[in-house]
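For reference, query32.cif (mmCIF, N, CA and C atoms and all ligand atoms):
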```cif
data_entry
loop_
_atom_site.label_atom_id
_atom_site.label_comp_id
_atom_site.auth_asym_id
_atom_site.auth_seq_id
_atom_site.Cartn_x
_atom_site.Cartn_y
_atom_site.Cartn_z
N MET A 1 8.47 19.32 6.48
CA MET A 1 8.64 18.35 5.42
C MET A 1 9.90 17.53 5.67
N ASN A 2 9.78 16.23 5.52
CA ASN A 2 10.93 15.33 5.65
C ASN A 2 11.27 14.78 4.27
N VAL A 3 12.47 15.02 3.82
CA VAL A 3 12.89 14.54 2.50
C VAL A 3 13.95 13.46 2.65
N PHE A 4 13.72 12.33 2.02
CA PHE A 4 14.65 11.21 2.09
C PHE A 4 15.10 10.90 0.66
N GLU A 5 16.40 10.82 0.44
CA GLU A 5 16.90 10.61 -0.93
C GLU A 5 17.19 9.14 -1.22
N PHE A 6 16.68 8.70 -2.38
CA PHE A 6 16.86 7.31 -2.81
C PHE A 6 17.25 7.30 -4.29
N ASN A 7 17.85 6.19 -4.70
CA ASN A 7 18.10 5.96 -6.12
C ASN A 7 17.26 4.79 -6.58
N GLY A 8 16.69 4.92 -7.79
CA GLY A 8 15.96 3.80 -8.38
C GLY A 8 16.95 2.69 -8.65
N ASN A 9 16.65 1.49 -8.26
CA ASN A 9 17.60 0.39 -8.38
C ASN A 9 17.13 -0.65 -9.38
N LYS A 10 15.91 -1.12 -9.18
CA LYS A 10 15.42 -2.22 -10.00
C LYS A 10 13.91 -2.06 -10.20
N ASP A 11 13.44 -2.39 -11.38
CA ASP A 11 12.00 -2.38 -11.65
C ASP A 11 11.52 -3.80 -11.84
N LEU A 12 10.41 -4.13 -11.17
CA LEU A 12 9.81 -5.45 -11.33
C LEU A 12 8.42 -5.27 -11.93
N MET A 13 8.09 -6.11 -12.91
CA MET A 13 6.74 -6.14 -13.47
C MET A 13 6.16 -7.49 -13.05
N VAL A 14 5.03 -7.44 -12.35
CA VAL A 14 4.52 -8.65 -11.70
C VAL A 14 3.03 -8.82 -11.98
N ARG A 15 2.63 -10.01 -12.36
CA ARG A 15 1.21 -10.32 -12.49
C ARG A 15 0.77 -11.10 -11.27
N LEU A 16 -0.25 -10.61 -10.58
CA LEU A 16 -0.72 -11.29 -9.37
C LEU A 16 -1.73 -12.37 -9.74
N LYS A 17 -1.87 -13.35 -8.84
CA LYS A 17 -2.78 -14.47 -9.08
C LYS A 17 -4.22 -14.11 -8.75
N CYS A 18 -5.14 -14.72 -9.51
CA CYS A 18 -6.57 -14.59 -9.22
C CYS A 18 -6.83 -15.15 -7.82
N ASP A 19 -7.66 -14.45 -7.07
CA ASP A 19 -8.07 -14.81 -5.70
C ASP A 19 -7.03 -14.49 -4.63
N ALA A 20 -5.86 -13.99 -5.03
CA ALA A 20 -4.85 -13.61 -4.04
C ALA A 20 -5.28 -12.29 -3.38
N ASP A 21 -4.78 -12.05 -2.19
CA ASP A 21 -5.02 -10.76 -1.55
C ASP A 21 -3.94 -9.79 -2.03
N LEU A 22 -4.35 -8.61 -2.46
CA LEU A 22 -3.42 -7.63 -3.05
C LEU A 22 -2.35 -7.21 -2.04
N ILE A 23 -2.74 -6.90 -0.82
CA ILE A 23 -1.78 -6.42 0.18
C ILE A 23 -0.78 -7.52 0.52
N GLN A 24 -1.33 -8.71 0.76
CA GLN A 24 -0.48 -9.85 1.13
C GLN A 24 0.49 -10.19 0.00
N SER A 25 0.02 -10.15 -1.25
CA SER A 25 0.87 -10.48 -2.40
C SER A 25 2.04 -9.51 -2.52
N ILE A 26 1.77 -8.22 -2.38
CA ILE A 26 2.84 -7.23 -2.52
C ILE A 26 3.79 -7.30 -1.33
N THR A 27 3.23 -7.54 -0.14
CA THR A 27 4.08 -7.68 1.06
C THR A 27 5.00 -8.89 0.91
N GLU A 28 4.45 -10.01 0.46
CA GLU A 28 5.27 -11.23 0.28
C GLU A 28 6.32 -11.03 -0.80
N LEU A 29 5.94 -10.33 -1.88
CA LEU A 29 6.90 -10.03 -2.94
C LEU A 29 8.06 -9.21 -2.39
N ALA A 30 7.76 -8.17 -1.63
CA ALA A 30 8.80 -7.30 -1.06
C ALA A 30 9.68 -8.09 -0.10
N ARG A 31 9.07 -8.91 0.71
CA ARG A 31 9.86 -9.68 1.69
C ARG A 31 10.74 -10.72 1.00
N SER A 32 10.20 -11.39 -0.04
CA SER A 32 10.99 -12.42 -0.71
C SER A 32 12.13 -11.82 -1.54
N LYS A 33 11.92 -10.61 -2.06
CA LYS A 33 12.97 -9.95 -2.86
C LYS A 33 13.83 -9.02 -2.01
N ARG A 34 13.58 -9.00 -0.70
CA ARG A 34 14.31 -8.14 0.24
C ARG A 34 14.26 -6.66 -0.17
N ILE A 35 13.07 -6.22 -0.54
CA ILE A 35 12.86 -4.82 -0.90
C ILE A 35 12.41 -4.08 0.36
N GLU A 36 13.28 -3.20 0.88
CA GLU A 36 12.97 -2.49 2.12
C GLU A 36 12.44 -1.09 1.86
N ALA A 37 12.62 -0.60 0.62
CA ALA A 37 12.05 0.69 0.23
C ALA A 37 11.68 0.60 -1.24
N GLY A 38 10.49 1.12 -1.57
CA GLY A 38 10.07 1.07 -2.95
C GLY A 38 8.74 1.76 -3.15
N SER A 39 8.36 1.88 -4.40
CA SER A 39 7.03 2.41 -4.69
C SER A 39 6.45 1.58 -5.82
N PHE A 40 5.13 1.57 -5.91
CA PHE A 40 4.52 0.75 -6.95
C PHE A 40 3.19 1.33 -7.41
N THR A 41 2.81 0.87 -8.59
CA THR A 41 1.48 1.15 -9.13
C THR A 41 0.92 -0.17 -9.61
N ALA A 42 -0.39 -0.24 -9.73
CA ALA A 42 -1.01 -1.45 -10.26
C ALA A 42 -2.32 -1.08 -10.94
N ILE A 43 -2.69 -1.89 -11.92
CA ILE A 43 -4.00 -1.79 -12.56
C ILE A 43 -4.54 -3.19 -12.75
N GLY A 44 -5.85 -3.30 -12.90
CA GLY A 44 -6.46 -4.60 -13.09
C GLY A 44 -7.90 -4.58 -12.62
N ALA A 45 -8.30 -5.63 -11.91
CA ALA A 45 -9.66 -5.72 -11.40
C ALA A 45 -9.67 -6.50 -10.10
N LEU A 46 -10.58 -6.12 -9.21
CA LEU A 46 -10.73 -6.83 -7.93
C LEU A 46 -12.09 -7.49 -7.87
N LYS A 47 -12.18 -8.57 -7.09
CA LYS A 47 -13.46 -9.24 -6.87
C LYS A 47 -14.22 -8.58 -5.73
N SER A 48 -13.49 -8.10 -4.75
CA SER A 48 -14.08 -7.39 -3.61
C SER A 48 -12.97 -6.63 -2.91
N ALA A 49 -13.36 -5.71 -2.04
CA ALA A 49 -12.35 -4.90 -1.35
C ALA A 49 -12.92 -4.31 -0.07
N ARG A 50 -12.03 -3.92 0.80
CA ARG A 50 -12.41 -3.15 1.98
C ARG A 50 -11.48 -1.94 2.04
N LEU A 51 -12.09 -0.75 2.06
CA LEU A 51 -11.31 0.48 2.07
C LEU A 51 -11.41 1.13 3.44
N GLY A 52 -10.42 1.95 3.75
CA GLY A 52 -10.44 2.69 5.00
C GLY A 52 -10.41 4.18 4.75
N PHE A 53 -11.16 4.89 5.59
CA PHE A 53 -11.12 6.36 5.60
C PHE A 53 -10.67 6.73 7.01
N TYR A 54 -9.52 7.41 7.11
CA TYR A 54 -8.98 7.73 8.44
C TYR A 54 -9.66 8.97 9.00
N ASP A 55 -10.40 8.75 10.09
CA ASP A 55 -11.09 9.85 10.75
C ASP A 55 -10.04 10.62 11.56
N GLN A 56 -9.78 11.87 11.16
CA GLN A 56 -8.69 12.65 11.75
C GLN A 56 -9.01 13.13 13.15
N LYS A 57 -10.30 13.05 13.55
CA LYS A 57 -10.66 13.44 14.92
C LYS A 57 -10.60 12.23 15.87
N SER A 58 -11.21 11.13 15.45
CA SER A 58 -11.23 9.94 16.33
C SER A 58 -9.96 9.11 16.18
N HIS A 59 -9.17 9.40 15.13
CA HIS A 59 -7.94 8.65 14.85
C HIS A 59 -8.21 7.16 14.63
N GLU A 60 -9.31 6.88 13.96
CA GLU A 60 -9.62 5.49 13.62
C GLU A 60 -10.02 5.41 12.15
N TYR A 61 -9.78 4.23 11.57
CA TYR A 61 -10.23 4.01 10.20
C TYR A 61 -11.71 3.64 10.20
N ARG A 62 -12.49 4.34 9.39
CA ARG A 62 -13.88 3.92 9.11
C ARG A 62 -13.82 3.04 7.88
N GLU A 63 -14.55 1.96 7.88
CA GLU A 63 -14.43 1.00 6.78
C GLU A 63 -15.55 1.13 5.75
N ILE A 64 -15.14 0.92 4.50
CA ILE A 64 -16.07 0.94 3.37
C ILE A 64 -15.93 -0.43 2.68
N GLY A 65 -16.99 -1.22 2.69
CA GLY A 65 -16.94 -2.54 2.07
C GLY A 65 -17.41 -2.49 0.62
N ILE A 66 -16.72 -3.20 -0.23
CA ILE A 66 -17.13 -3.32 -1.64
C ILE A 66 -17.20 -4.81 -1.93
N ASP A 67 -18.45 -5.29 -2.14
CA ASP A 67 -18.66 -6.73 -2.24
C ASP A 67 -18.88 -7.21 -3.66
N SER A 68 -18.63 -6.35 -4.64
CA SER A 68 -18.82 -6.78 -6.03
C SER A 68 -17.59 -6.44 -6.86
N ALA A 69 -17.57 -7.01 -8.06
CA ALA A 69 -16.44 -6.83 -8.96
C ALA A 69 -16.23 -5.35 -9.29
N CYS A 70 -14.98 -4.96 -9.38
CA CYS A 70 -14.68 -3.56 -9.72
C CYS A 70 -13.36 -3.49 -10.48
N GLU A 71 -13.23 -2.43 -11.25
CA GLU A 71 -11.97 -2.15 -11.93
C GLU A 71 -10.99 -1.55 -10.93
N LEU A 72 -9.78 -2.04 -10.97
CA LEU A 72 -8.71 -1.40 -10.20
C LEU A 72 -8.16 -0.30 -11.11
N ALA A 73 -8.90 0.83 -11.10
CA ALA A 73 -8.60 1.91 -12.04
C ALA A 73 -7.25 2.53 -11.74
N SER A 74 -6.92 2.58 -10.46
CA SER A 74 -5.62 3.10 -10.06
C SER A 74 -5.26 2.52 -8.72
N CYS A 75 -4.01 2.22 -8.55
CA CYS A 75 -3.50 1.71 -7.28
C CYS A 75 -2.09 2.24 -7.16
N THR A 76 -1.81 2.87 -6.04
CA THR A 76 -0.47 3.37 -5.83
C THR A 76 -0.08 3.09 -4.39
N GLY A 77 1.19 2.83 -4.19
CA GLY A 77 1.60 2.50 -2.84
C GLY A 77 3.10 2.57 -2.67
N ASN A 78 3.52 2.31 -1.44
CA ASN A 78 4.95 2.31 -1.15
C ASN A 78 5.30 1.19 -0.19
N ILE A 79 6.58 0.91 -0.17
CA ILE A 79 7.11 -0.11 0.74
C ILE A 79 8.16 0.54 1.62
N SER A 80 8.03 0.32 2.90
CA SER A 80 9.04 0.77 3.85
C SER A 80 9.06 -0.26 4.97
N LEU A 81 9.88 -0.03 5.98
CA LEU A 81 9.97 -1.00 7.07
C LEU A 81 9.04 -0.61 8.20
N LYS A 82 8.34 -1.61 8.74
CA LYS A 82 7.54 -1.42 9.93
C LYS A 82 7.86 -2.59 10.85
N ASP A 83 8.25 -2.29 12.05
CA ASP A 83 8.68 -3.33 13.00
C ASP A 83 9.77 -4.21 12.38
N GLY A 84 10.63 -3.58 11.56
CA GLY A 84 11.79 -4.27 11.01
C GLY A 84 11.55 -5.11 9.77
N VAL A 85 10.32 -5.16 9.27
CA VAL A 85 10.04 -5.96 8.07
C VAL A 85 9.32 -5.10 7.02
N PRO A 86 9.50 -5.46 5.72
CA PRO A 86 8.84 -4.68 4.66
C PRO A 86 7.32 -4.64 4.85
N PHE A 87 6.78 -3.43 4.69
CA PHE A 87 5.35 -3.17 4.90
C PHE A 87 4.83 -2.40 3.70
N ALA A 88 3.68 -2.81 3.17
CA ALA A 88 3.10 -2.13 2.00
C ALA A 88 1.95 -1.22 2.43
N HIS A 89 2.02 0.04 2.04
CA HIS A 89 0.95 1.02 2.26
C HIS A 89 0.32 1.28 0.90
N ILE A 90 -0.98 1.02 0.77
CA ILE A 90 -1.62 1.00 -0.55
C ILE A 90 -2.90 1.83 -0.57
N HIS A 91 -3.05 2.67 -1.58
CA HIS A 91 -4.31 3.38 -1.83
C HIS A 91 -4.84 2.97 -3.20
N VAL A 92 -6.17 2.92 -3.31
CA VAL A 92 -6.76 2.48 -4.58
C VAL A 92 -7.91 3.39 -4.99
N VAL A 93 -8.16 3.40 -6.30
CA VAL A 93 -9.36 4.00 -6.88
C VAL A 93 -10.06 2.86 -7.62
N LEU A 94 -11.30 2.55 -7.18
CA LEU A 94 -12.05 1.42 -7.74
C LEU A 94 -13.28 1.94 -8.45
N ALA A 95 -13.57 1.35 -9.61
CA ALA A 95 -14.73 1.78 -10.40
C ALA A 95 -15.71 0.63 -10.55
N ASP A 96 -17.00 0.91 -10.33
CA ASP A 96 -18.02 -0.13 -10.52
C ASP A 96 -18.46 -0.18 -11.98
N GLU A 97 -19.49 -1.00 -12.29
CA GLU A 97 -19.87 -1.21 -13.69
C GLU A 97 -20.42 0.05 -14.36
N ALA A 98 -20.85 1.01 -13.54
CA ALA A 98 -21.33 2.28 -14.11
C ALA A 98 -20.22 3.32 -14.16
N GLY A 99 -19.04 2.94 -13.73
CA GLY A 99 -17.92 3.88 -13.72
C GLY A 99 -17.87 4.74 -12.47
N ASN A 100 -18.74 4.43 -11.51
CA ASN A 100 -18.71 5.19 -10.25
C ASN A 100 -17.51 4.76 -9.42
N ILE A 101 -16.93 5.74 -8.77
CA ILE A 101 -15.65 5.54 -8.09
C ILE A 101 -15.80 5.47 -6.58
N LYS A 102 -15.05 4.56 -5.99
CA LYS A 102 -14.81 4.58 -4.55
C LYS A 102 -13.30 4.50 -4.39
N ALA A 103 -12.79 5.22 -3.42
CA ALA A 103 -11.34 5.28 -3.26
C ALA A 103 -10.98 5.36 -1.79
N GLY A 104 -9.77 4.95 -1.49
CA GLY A 104 -9.29 5.06 -0.12
C GLY A 104 -8.09 4.19 0.15
N HIS A 105 -7.81 4.09 1.44
CA HIS A 105 -6.71 3.28 1.97
C HIS A 105 -7.14 1.81 1.90
N LEU A 106 -6.33 0.99 1.25
CA LEU A 106 -6.73 -0.40 1.06
C LEU A 106 -6.50 -1.24 2.32
N LEU A 107 -7.57 -1.84 2.81
CA LEU A 107 -7.50 -2.74 3.98
C LEU A 107 -7.52 -4.20 3.53
N LYS A 108 -8.22 -4.46 2.42
CA LYS A 108 -8.26 -5.81 1.85
C LYS A 108 -8.69 -5.70 0.40
N GLY A 109 -8.07 -6.49 -0.47
CA GLY A 109 -8.45 -6.48 -1.87
C GLY A 109 -8.26 -7.87 -2.46
N VAL A 110 -9.35 -8.48 -2.90
CA VAL A 110 -9.26 -9.81 -3.51
C VAL A 110 -9.07 -9.61 -5.02
N VAL A 111 -7.95 -10.10 -5.51
CA VAL A 111 -7.55 -9.88 -6.90
C VAL A 111 -8.37 -10.74 -7.87
N PHE A 112 -8.85 -10.12 -8.95
CA PHE A 112 -9.33 -10.87 -10.11
C PHE A 112 -8.15 -10.98 -11.07
N ALA A 113 -7.59 -9.82 -11.39
CA ALA A 113 -6.34 -9.75 -12.18
C ALA A 113 -5.64 -8.47 -11.79
N ALA A 114 -4.33 -8.50 -11.71
CA ALA A 114 -3.60 -7.27 -11.38
C ALA A 114 -2.20 -7.31 -11.95
N GLU A 115 -1.82 -6.18 -12.54
CA GLU A 115 -0.47 -5.99 -13.07
C GLU A 115 0.20 -4.91 -12.25
N VAL A 116 1.33 -5.28 -11.68
CA VAL A 116 2.03 -4.40 -10.74
C VAL A 116 3.37 -3.98 -11.33
N HIS A 117 3.68 -2.69 -11.21
CA HIS A 117 5.02 -2.19 -11.52
C HIS A 117 5.60 -1.71 -10.21
N LEU A 118 6.62 -2.43 -9.74
CA LEU A 118 7.26 -2.13 -8.45
C LEU A 118 8.68 -1.64 -8.70
N ARG A 119 9.01 -0.51 -8.13
CA ARG A 119 10.36 0.04 -8.24
C ARG A 119 11.06 -0.08 -6.89
N GLN A 120 12.13 -0.84 -6.90
CA GLN A 120 12.93 -0.99 -5.69
C GLN A 120 13.84 0.23 -5.56
N LEU A 121 13.98 0.78 -4.36
CA LEU A 121 14.81 1.96 -4.15
C LEU A 121 15.96 1.64 -3.20
N GLU A 122 17.10 2.25 -3.46
CA GLU A 122 18.27 2.07 -2.61
C GLU A 122 18.54 3.36 -1.87
N GLY A 123 18.79 3.27 -0.56
CA GLY A 123 19.07 4.48 0.22
C GLY A 123 19.06 4.15 1.70
N PRO A 124 18.76 5.16 2.52
CA PRO A 124 18.75 4.93 3.97
C PRO A 124 17.59 4.02 4.38
N LYS A 125 17.65 3.52 5.60
CA LYS A 125 16.55 2.70 6.10
C LYS A 125 15.32 3.57 6.37
N LEU A 126 14.25 3.28 5.65
CA LEU A 126 13.01 4.04 5.78
C LEU A 126 12.09 3.25 6.71
N GLU A 127 11.98 3.73 7.96
CA GLU A 127 11.25 2.99 9.00
C GLU A 127 10.01 3.74 9.43
N ARG A 128 8.92 3.02 9.60
CA ARG A 128 7.70 3.64 10.14
C ARG A 128 7.78 3.65 11.66
N LYS A 129 7.45 4.84 12.22
CA LYS A 129 7.40 4.98 13.67
C LYS A 129 6.10 5.68 14.03
N TYR A 130 5.61 5.37 15.20
CA TYR A 130 4.37 5.98 15.68
C TYR A 130 4.53 7.50 15.77
N ASP A 131 3.57 8.23 15.21
CA ASP A 131 3.58 9.69 15.22
C ASP A 131 2.49 10.18 16.18
N GLU A 132 2.90 10.97 17.17
CA GLU A 132 1.98 11.42 18.23
C GLU A 132 0.85 12.31 17.66
N VAL A 133 1.18 13.16 16.68
CA VAL A 133 0.21 14.13 16.16
C VAL A 133 -0.92 13.43 15.40
N THR A 134 -0.57 12.56 14.46
CA THR A 134 -1.58 11.92 13.62
C THR A 134 -2.03 10.57 14.19
N ARG A 135 -1.23 10.01 15.10
CA ARG A 135 -1.44 8.66 15.65
C ARG A 135 -1.37 7.60 14.57
N LEU A 136 -0.55 7.89 13.55
CA LEU A 136 -0.29 6.93 12.48
C LEU A 136 1.19 6.52 12.54
N SER A 137 1.52 5.44 11.86
CA SER A 137 2.93 5.04 11.72
C SER A 137 3.48 5.73 10.49
N LEU A 138 4.35 6.70 10.71
CA LEU A 138 4.89 7.49 9.60
C LEU A 138 6.39 7.31 9.46
N TRP A 139 6.92 7.81 8.33
CA TRP A 139 8.32 7.56 7.99
C TRP A 139 9.32 8.32 8.88
N ASN A 140 10.35 7.59 9.19
CA ASN A 140 11.57 8.14 9.80
C ASN A 140 12.73 7.45 9.10
N VAL A 141 13.88 8.11 9.11
CA VAL A 141 15.05 7.49 8.51
C VAL A 141 16.08 7.20 9.58
N LYS A 142 16.64 5.98 9.50
CA LYS A 142 17.71 5.61 10.44
C LYS A 142 19.05 5.90 9.80
ZN ZN B 1 -3.22 5.08 3.74
#
```
Written as structure tokens, that's how I'd like the structure from this file.
Amino acid sequence: MNVFEFNGNKDLMVRLKCDADLIQSITELARSKRIEAGSFTAIGALKSARLGFYDQKSHEYREIGIDSACELASCTGNISLKDGVPFAHIHVVLADEAGNIKAGHLLKGVVFAAEVHLRQLEGPKLERKYDEVTRLSLWNVK
């Protein structure tokens, strides 16, 4: 287990624009506010999405496409540095009109409406580095 200590610094409440991409919006927000470490949650609705399921044997993301409107029942993520710039890692739980759920690693999400609570954290530099075991970019502290 790797434990990195941070202090909560600032909370931002943000409404995203209709038709914006969720990942791009949060990434741009972090970059414009110079947030290098943080965590966030969001709720709202998406017009469409693409989710990833990481195959632990092949070390590749399998994609799940969602081409219809859905509730953004839950969205949680974090911000850290990747290649020296703020990077958003986002997971979502999406519900269709019958309340059926699809969930996973967010690859793309077209916003209908979204309310984001982002907490900026102060502490060491939290950098993603390639991990040989998982073949993912995971946290390291500089
Ligand atoms: Zn993920």
Atom-to-atom span, atom N of Phe6 of chain A and atom N of Leu22 of chain A, Å: 27.2 Å
Long-range neighbours of Gln56 of chain A as a list in words, 12 Å cut-off, only C-alpha atoms, 2 positions minimum in chain: Phe53, Tyr54, Ser58, His59, Glu60, Tyr61, Arg62, Val133, Thr134, Arg135 and Leu136 of chain A
Nearby polymer residues, ligand ZN 1 (chain B), at most 6.5 Å, only N, CA and C atoms and all ligand atoms, as number ranges by chain: A: 89-91, 104-106
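Counting from atom CA of Leu46 of chain A, the distance to atom CA of Leu29 of chain A is 18.6 Å.
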Picked from chain A by DSSP as helix (DSSP H, G or I), as number ranges by chain: A: 22-32
Keeping only N, CA and C atoms, write the selected residues as a compact mmCIF listing (two decimals), keeping the file's coordinate frame.
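Saved as again-v5.txt:
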```txt
# COMPACT_ATOMS: atom_id res chain seq x y z
N LEU A 22 -4.35 -8.61 -2.46
CA LEU A 22 -3.42 -7.63 -3.05
C LEU A 22 -2.35 -7.21 -2.04
N ILE A 23 -2.74 -6.90 -0.82
CA ILE A 23 -1.78 -6.42 0.18
C ILE A 23 -0.78 -7.52 0.52
N GLN A 24 -1.33 -8.71 0.76
CA GLN A 24 -0.48 -9.85 1.13
C GLN A 24 0.49 -10.19 0.00
N SER A 25 0.02 -10.15 -1.25
CA SER A 25 0.87 -10.48 -2.40
C SER A 25 2.04 -9.51 -2.52
N ILE A 26 1.77 -8.22 -2.38
CA ILE A 26 2.84 -7.23 -2.52
C ILE A 26 3.79 -7.30 -1.33
N THR A 27 3.23 -7.54 -0.14
CA THR A 27 4.08 -7.68 1.06
C THR A 27 5.00 -8.89 0.91
N GLU A 28 4.45 -10.01 0.46
CA GLU A 28 5.27 -11.23 0.28
C GLU A 28 6.32 -11.03 -0.80
N LEU A 29 5.94 -10.33 -1.88
CA LEU A 29 6.90 -10.03 -2.94
C LEU A 29 8.06 -9.21 -2.39
N ALA A 30 7.76 -8.17 -1.63
CA ALA A 30 8.80 -7.30 -1.06
C ALA A 30 9.68 -8.09 -0.10
N ARG A 31 9.07 -8.91 0.71
CA ARG A 31 9.86 -9.68 1.69
C ARG A 31 10.74 -10.72 1.00
N SER A 32 10.20 -11.39 -0.04
CA SER A 32 10.99 -12.42 -0.71
C SER A 32 12.13 -11.82 -1.54
```
DSSP strand (DSSP E) residues within chain A, listed as a VMD selection string: chain A and resid 7 to 16 38 to 55 60 to 66 70 to 82 85 to 95 101 to 122 126 to 130 137 to 141
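Restricting the calculation to only C-alpha atoms, the smallest distance between Phe4 of chain A and any of A:Ser80, A:Thr41, A:Ser137, A:Ser48 is found for A:Ser80.
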Long-range neighbours of Glu36 of chain A as an MDAnalysis selection string, 8 Å cut-off, only N, CA and C atoms, 4 positions minimum in chain: chainID A and resid 30:31 78:81 85:87 120:122 124:127
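Proximity to Ile64 of chain A at 7 Å, evaluated using only C-alpha atoms and with sequence-adjacent residues fewer than 5 positions away removed, yields Arg50, Leu51 and Gly52 of chain A.
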For those residues, write N, CA and C atoms to a file as a short mmCIF file (atom, residue, chain, number, x, y, z; two decimals), in the frame of the given file.
```cif
data_model
loop_
_atom_site.label_atom_id
_atom_site.label_comp_id
_atom_site.auth_asym_id
_atom_site.auth_seq_id
_atom_site.Cartn_x
_atom_site.Cartn_y
_atom_site.Cartn_z
N ARG A 50 -12.03 -3.92 0.80
CA ARG A 50 -12.41 -3.15 1.98
C ARG A 50 -11.48 -1.94 2.04
N LEU A 51 -12.09 -0.75 2.06
CA LEU A 51 -11.31 0.48 2.07
C LEU A 51 -11.41 1.13 3.44
N GLY A 52 -10.42 1.95 3.75
CA GLY A 52 -10.44 2.69 5.00
C GLY A 52 -10.41 4.18 4.75
#
```
Residue with smallest distance to Val93 of chain A - pool A:Asn140, A:Lys57, A:Glu63, A:Ile43, counting only C-alpha atoms: A:Ile43
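The residue that comes closest to Lys17 of chain A, out of A:Phe112, A:Tyr130, A:Phe40, A:Trp139 and on the basis of only C-alpha atoms, is A:Phe112.
Excluding Val116 of chain A itself and any same-chain residue fewer than 2 positions from it, the protein and nucleic acid residues within 7 Å of it, counting only N, CA and C atoms, are A:Leu12, A:Met13, A:Val14, A:Arg15, A:Leu16, A:Phe40, A:Thr41, A:Ala42, A:Ile43, A:Ala114, A:Leu118.
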Coordinates-based distance that separates atom C of Ile101 of chain A from atom CA of Ser39 of chain A (Å, one decimal): 23.1 Å
Compile the contact shell of Glu71 of chain A as a short mmCIF file (atom, residue, chain, number, x, y, z; two decimals) with N, CA and C atoms, in the coordinates of the input: residues with an atom at most 5 Å away, counting all atoms listed in the file, same-chain residues fewer than 2 positions apart removed.
```cif
data_model
loop_
_atom_site.label_atom_id
_atom_site.label_comp_id
_atom_site.auth_asym_id
_atom_site.auth_seq_id
_atom_site.Cartn_x
_atom_site.Cartn_y
_atom_site.Cartn_z
N GLY A 44 -5.85 -3.30 -12.90
CA GLY A 44 -6.46 -4.60 -13.09
C GLY A 44 -7.90 -4.58 -12.62
N ALA A 45 -8.30 -5.63 -11.91
CA ALA A 45 -9.66 -5.72 -11.40
C ALA A 45 -9.67 -6.50 -10.10
N LEU A 46 -10.58 -6.12 -9.21
CA LEU A 46 -10.73 -6.83 -7.93
C LEU A 46 -12.09 -7.49 -7.87
N ALA A 69 -17.57 -7.01 -8.06
CA ALA A 69 -16.44 -6.83 -8.96
C ALA A 69 -16.23 -5.35 -9.29
N ALA A 73 -8.90 0.83 -11.10
CA ALA A 73 -8.60 1.91 -12.04
C ALA A 73 -7.25 2.53 -11.74
N LEU A 94 -11.30 2.55 -7.18
CA LEU A 94 -12.05 1.42 -7.74
C LEU A 94 -13.28 1.94 -8.45
N ALA A 95 -13.57 1.35 -9.61
CA ALA A 95 -14.73 1.78 -10.40
C ALA A 95 -15.71 0.63 -10.55
#
```
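Proximity of A:Ala49, A:Arg119, A:Gly77, A:Ser68 to Gly8 of chain A, computed with all atoms listed in the file, is greatest for A:Arg119.
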Nearest to Gly123 of chain A by atom-to-atom distance, counting only C-alpha atoms, from A:Glu5, A:Glu28, A:Asp55, A:Asp19: A:Glu5
Could you rebuild segment 112-120 of chain A with N, CA, C and O atoms and give it back as a PDB file, in the coordinates of the input?
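Listing of rebuild.pdb after writing:
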```pdb
ATOM      1  N   PHE A 112      -8.850 -10.120  -8.950  1.00  0.00           N
ATOM      2  CA  PHE A 112      -9.330 -10.870 -10.110  1.00  0.00           C
ATOM      3  C   PHE A 112      -8.150 -10.980 -11.070  1.00  0.00           C
ATOM      4  O   PHE A 112      -7.758 -12.063 -11.469  1.00  0.00           O
ATOM      5  N   ALA A 113      -7.590  -9.820 -11.390  1.00  0.00           N
ATOM      6  CA  ALA A 113      -6.340  -9.750 -12.180  1.00  0.00           C
ATOM      7  C   ALA A 113      -5.640  -8.470 -11.790  1.00  0.00           C
ATOM      8  O   ALA A 113      -6.300  -7.458 -11.536  1.00  0.00           O
ATOM      9  N   ALA A 114      -4.330  -8.500 -11.710  1.00  0.00           N
ATOM     10  CA  ALA A 114      -3.600  -7.270 -11.380  1.00  0.00           C
ATOM     11  C   ALA A 114      -2.200  -7.310 -11.950  1.00  0.00           C
ATOM     12  O   ALA A 114      -1.505  -8.324 -11.852  1.00  0.00           O
ATOM     13  N   GLU A 115      -1.820  -6.180 -12.540  1.00  0.00           N
ATOM     14  CA  GLU A 115      -0.470  -5.990 -13.070  1.00  0.00           C
ATOM     15  C   GLU A 115       0.200  -4.910 -12.250  1.00  0.00           C
ATOM     16  O   GLU A 115      -0.300  -3.791 -12.164  1.00  0.00           O
ATOM     17  N   VAL A 116       1.330  -5.280 -11.680  1.00  0.00           N
ATOM     18  CA  VAL A 116       2.030  -4.400 -10.740  1.00  0.00           C
ATOM     19  C   VAL A 116       3.370  -3.980 -11.330  1.00  0.00           C
ATOM     20  O   VAL A 116       4.100  -4.810 -11.874  1.00  0.00           O
ATOM     21  N   HIS A 117       3.680  -2.690 -11.210  1.00  0.00           N
ATOM     22  CA  HIS A 117       5.020  -2.190 -11.520  1.00  0.00           C
ATOM     23  C   HIS A 117       5.600  -1.710 -10.210  1.00  0.00           C
ATOM     24  O   HIS A 117       5.151  -0.726  -9.648  1.00  0.00           O
ATOM     25  N   LEU A 118       6.620  -2.430  -9.740  1.00  0.00           N
ATOM     26  CA  LEU A 118       7.260  -2.130  -8.450  1.00  0.00           C
ATOM     27  C   LEU A 118       8.680  -1.640  -8.700  1.00  0.00           C
ATOM     28  O   LEU A 118       9.450  -2.301  -9.407  1.00  0.00           O
ATOM     29  N   ARG A 119       9.010  -0.510  -8.130  1.00  0.00           N
ATOM     30  CA  ARG A 119      10.360   0.040  -8.240  1.00  0.00           C
ATOM     31  C   ARG A 119      11.060  -0.080  -6.890  1.00  0.00           C
ATOM     32  O   ARG A 119      10.607   0.504  -5.903  1.00  0.00           O
ATOM     33  N   GLN A 120      12.130  -0.840  -6.900  1.00  0.00           N
ATOM     34  CA  GLN A 120      12.930  -0.990  -5.690  1.00  0.00           C
ATOM     35  C   GLN A 120      13.840   0.230  -5.560  1.00  0.00           C
ATOM     36  O   GLN A 120      14.418   0.686  -6.556  1.00  0.00           O
TER      37      GLN A 120
END
```
